[in-house]
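The block underneath contains the structure these notes are about, expressed in structure tokens.
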Amino acid sequence: MPSTVIDEPSHPRVRAARRCHTSAGRAKTGRFLAEGIQAVREALAIPGVVIEVFATRDWLASPAALDTTDLPVHAVSDEVLARVAETSTPQGVVAVCRDVTVEIDALLAQAPRLVVVLAEVRDPGNAGTIIRTADAAGADGVVLTTSSVDPLGGKCVRSSAGSLFHLPVVVGQPVQVLDHLRDAGLSVLATDGHGPLDLVDAARAGILASPTAWVVGNEAHGVPPSYLARADHAVRVPMYGQAESLNVSVAAALCLYASATAAHRTPH
């Protein structure tokens with residue numbers, strides 16, 4: 001049952017939730033929005049993450065309604081939910097969540113074997129897709145640099161399809177994070193279309209079987225030179241057709257799965 005009924009778009013709870021629409025608002029409040037059934041379900045699975053829920057009356061009465069016991073639940077009109085949500089056609093439910101990102105030390109303390117670093121990746125759809133792919137490939141964490149997109153933004157959260165809640169995500173890291181990853185025992189491999197080492201050859205040489213941090217770069221310019229300079233190897237994905245390059249999320253998927261495959265074939 002809903003805790004409250006909100007029919008006024010200017011209600012203080014609605015205004016507070018809308019602050020999560022901006023990166024400044026998210027940073028100040030330490031909160032972000034999970035929108036849609038899948039994202040809200042994954043957020044609810046982690047105790048203490050969801051602060052409150054906004055849902056339409058139709059959604060609350062439907063078989064799709066999730067268990068929100070012991071949480072503040074606001075029954076709202078379609079108009080009010082449209083004010084809270086960031087999409088033009090919300091799916092009936094939005095959760096206000098606490099920041100789920102972690103510090104780099106927390107990730108390193110878990111002795112990770114597979115990590116992906118987003119170096120100045122600015123497209124939220126790409127970032128969210130990489131987080132989702134990292135989760136699917138069994139990676140131990142995702143690291144975003146200081147110049148990368150905010151992973152708690154709406155489009156990134158939606159593109160991650162709930163994976164944002166499944167693995168550690170670290171934000172705001174300078175280039176020196178590569179040194180910390182190497183000190184923790186990971187080889188640092190940077191994707192580079194002109195890299196001297198082919199991904200297939202790297203796999204055959206056994207390089208991918210070791211704990212690895214993959215660095216993927218900016219959509220327009222690739223991995224920045226300062227990151228390439230700190231990498232143990234610059235690795236290119238072989239291009240067998242006429243395309244000049246791959247989308248960064250596709251390149252990340254190929255590299256992560258190559259490492260995951262190599263690791264599963266090699267006893268730890």
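We label chains A, B, ... in the order they appear in the structure tokens, count residues from 1 in each chain, and number ligands from 1 in the order shown.
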Enumerate, in order of chain and increasing residue number, the residues of range 73-184 of chain A with an atom no farther than 9 Å from range 28-31 of chain A, each with its shortest atom pair and distance in Å to one decimal, counting only C-alpha atoms, as JSON lines.
```
{"residue": "A:Val96", "atom": "CA", "partner": "A:Arg31", "partner_atom": "CA", "distance": 6.7}
{"residue": "A:Cys97", "atom": "CA", "partner": "A:Arg31", "partner_atom": "CA", "distance": 5.4}
{"residue": "A:Arg98", "atom": "CA", "partner": "A:Arg31", "partner_atom": "CA", "distance": 4.6}
{"residue": "A:Asp99", "atom": "CA", "partner": "A:Arg31", "partner_atom": "CA", "distance": 5.3}
{"residue": "A:Val100", "atom": "CA", "partner": "A:Arg31", "partner_atom": "CA", "distance": 8.8}
{"residue": "A:Leu152", "atom": "CA", "partner": "A:Arg31", "partner_atom": "CA", "distance": 8.6}
```
Just-selected residues, N, CA and C atoms written as a PDB file, in the first residue's frame:
```pdb
ATOM      1  N   VAL A  96      14.103   6.548  -5.793  1.00  0.00           N
ATOM      2  CA  VAL A  96      15.195   7.440  -5.397  1.00  0.00           C
ATOM      3  C   VAL A  96      16.180   6.598  -4.597  1.00  0.00           C
ATOM      4  N   CYS A  97      17.431   6.560  -5.057  1.00  0.00           N
ATOM      5  CA  CYS A  97      18.436   5.659  -4.473  1.00  0.00           C
ATOM      6  C   CYS A  97      19.616   6.422  -3.894  1.00  0.00           C
ATOM      7  N   ARG A  98      20.273   5.796  -2.932  1.00  0.00           N
ATOM      8  CA  ARG A  98      21.534   6.313  -2.420  1.00  0.00           C
ATOM      9  C   ARG A  98      22.666   5.998  -3.402  1.00  0.00           C
ATOM     10  N   ASP A  99      23.655   6.851  -3.437  1.00  0.00           N
ATOM     11  CA  ASP A  99      24.836   6.660  -4.275  1.00  0.00           C
ATOM     12  C   ASP A  99      25.430   5.274  -4.016  1.00  0.00           C
ATOM     13  N   VAL A 100      25.625   4.503  -5.080  1.00  0.00           N
ATOM     14  CA  VAL A 100      26.161   3.143  -4.924  1.00  0.00           C
ATOM     15  C   VAL A 100      27.608   3.015  -5.388  1.00  0.00           C
ATOM     16  N   LEU A 152      25.746   7.659 -12.651  1.00  0.00           N
ATOM     17  CA  LEU A 152      24.463   7.719 -11.955  1.00  0.00           C
ATOM     18  C   LEU A 152      23.433   8.565 -12.694  1.00  0.00           C
TER      19      LEU A 152
END
```
Which residues of range 160-191 of chain A come within 9 Å of range 105-120 of chain A, and for each one, what is the closest pair of atoms and their distance in Å to one decimal, counting only C-alpha atoms, sorted by chain and residue number, as a tab-separated table?
```
residue	atom	partner	partner_atom	distance
A:Pro168	CA	A:Leu107	CA	6.5
A:Val169	CA	A:Leu107	CA	8.2
A:Val170	CA	A:Leu107	CA	7.8
A:Val175	CA	A:Ala119	CA	8.2
A:Leu178	CA	A:Val117	CA	8.5
A:His180	CA	A:Leu108	CA	8.4
A:Leu181	CA	A:Leu108	CA	7.4
A:Ala184	CA	A:Leu108	CA	6.7
A:Gly185	CA	A:Ala111	CA	8.3
A:Leu186	CA	A:Arg113	CA	6.8
```
Discussion item. From the options A:Pro151, A:Ser259, A:Val248, A:Pro238, which residue's atoms come nearest to Ser187 in chain A, counting only C-alpha atoms?
Written reply: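 Looking at the shortest contact to Ser187 in chain A, the residue is A:Ser259.
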Worksheet item: Using only C-alpha atoms, which residue out of A:Gln38, A:Thr87, A:Thr101, A:Ser245 lies closest to Val143 in chain A?
Response: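 For Val143 in chain A, the nearest of the given residues is A:Thr101.
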Item to complete: Give the strand (DSSP E) residues of range 30-209 of chain A, as assigned by DSSP on the backbone, as a PyMOL selection string.
Response: chain A and resi 31-35+50-56+73-76+93-98+114-118+141-145+169-173+187-191+197-198
Worksheet item: Could you name the residues that touch Val200 in chain A at 10 Å or less, counting only C-alpha atoms, but leaving out those on the same chain fewer than 6 positions away, as a ChimeraX atom specification?
Response: /A:208,235-238,255,258
Written file, previous selection with N, CA and C atoms, as a PDB file, in the first residue's frame:
```pdb
ATOM      1  N   LEU A 208      46.260 -12.636 -21.732  1.00  0.00           N
ATOM      2  CA  LEU A 208      44.918 -12.345 -21.210  1.00  0.00           C
ATOM      3  C   LEU A 208      44.522 -13.243 -20.050  1.00  0.00           C
ATOM      4  N   VAL A 235      46.729  -2.705 -27.261  1.00  0.00           N
ATOM      5  CA  VAL A 235      46.176  -3.855 -27.978  1.00  0.00           C
ATOM      6  C   VAL A 235      45.114  -3.389 -28.973  1.00  0.00           C
ATOM      7  N   ARG A 236      45.209  -3.884 -30.184  1.00  0.00           N
ATOM      8  CA  ARG A 236      44.206  -3.539 -31.185  1.00  0.00           C
ATOM      9  C   ARG A 236      43.277  -4.731 -31.424  1.00  0.00           C
ATOM     10  N   VAL A 237      42.018  -4.416 -31.693  1.00  0.00           N
ATOM     11  CA  VAL A 237      41.059  -5.442 -32.104  1.00  0.00           C
ATOM     12  C   VAL A 237      41.211  -5.621 -33.609  1.00  0.00           C
ATOM     13  N   PRO A 238      41.435  -6.831 -34.085  1.00  0.00           N
ATOM     14  CA  PRO A 238      41.633  -7.014 -35.527  1.00  0.00           C
ATOM     15  C   PRO A 238      40.390  -6.632 -36.318  1.00  0.00           C
ATOM     16  N   CYS A 255      37.068  -7.242 -25.762  1.00  0.00           N
ATOM     17  CA  CYS A 255      38.262  -7.390 -24.910  1.00  0.00           C
ATOM     18  C   CYS A 255      37.925  -8.062 -23.584  1.00  0.00           C
ATOM     19  N   ALA A 258      37.279 -11.712 -24.206  1.00  0.00           N
ATOM     20  CA  ALA A 258      38.526 -12.417 -24.506  1.00  0.00           C
ATOM     21  C   ALA A 258      39.266 -12.743 -23.216  1.00  0.00           C
TER      22      ALA A 258
END
```
Practice prompt. Go through range 94-176 of chain A and collect every residue that DSSP, computed from the backbone, puts in alpha helix (DSSP H); the answer should be as a PyMOL selection string.
Written response: chain A and resi 104-108+124-136+154-159
Item to complete: Excluding Pro47 in chain A and residues on its chain fewer than 2 positions from it, collect all residues at most 12 Å away from it, counting only C-alpha atoms, and give them as an NGL selection string.
Response: :A and (41-45 or 49-51 or 68-71 or 97-98 or 100 or 165)
Worksheet item: Any idea what's packed within 10 Å of Gly217 in chain A, counting only C-alpha atoms, ignoring anything in its chain fewer than 5 positions away? Could you give it as an MDAnalysis selection string?
Response: chainID A and resid 117:122 148 190:192 222:224 227:228 248:249 251:252
Fill in: Close residues, Met239 in chain A itself excluded, 10 Å, only C-alpha atoms, min 5 positions apart in chain, as a list of chain:residue names
A:Gly193, A:Asp198, A:Glu244, A:Ser245, A:Leu246
Worksheet entry | Minimum-distance residue to Ile130 in chain A, chosen among A:Val142, A:Ala202, A:Ala262, A:Ala65 (using only C-alpha atoms) |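 Nearest to Ile130 in chain A: A:Val142.
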Worksheet item: Using only C-alpha atoms, which residues sit within 10 Å of Gln91 in chain A once same-chain residues fewer than 6 positions away are excluded, as number ranges by chain?
Response: A: 35-38, 55-56, 59, 78, 81-82, 85
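Straight-line separation from CA of Lys155 in chain A to CA of Glu86 in chain A: 8.4 Å.
Taking CA of Leu189 in chain A as the reference point, CA of Ser147 in chain A is found at 19.5 Å.
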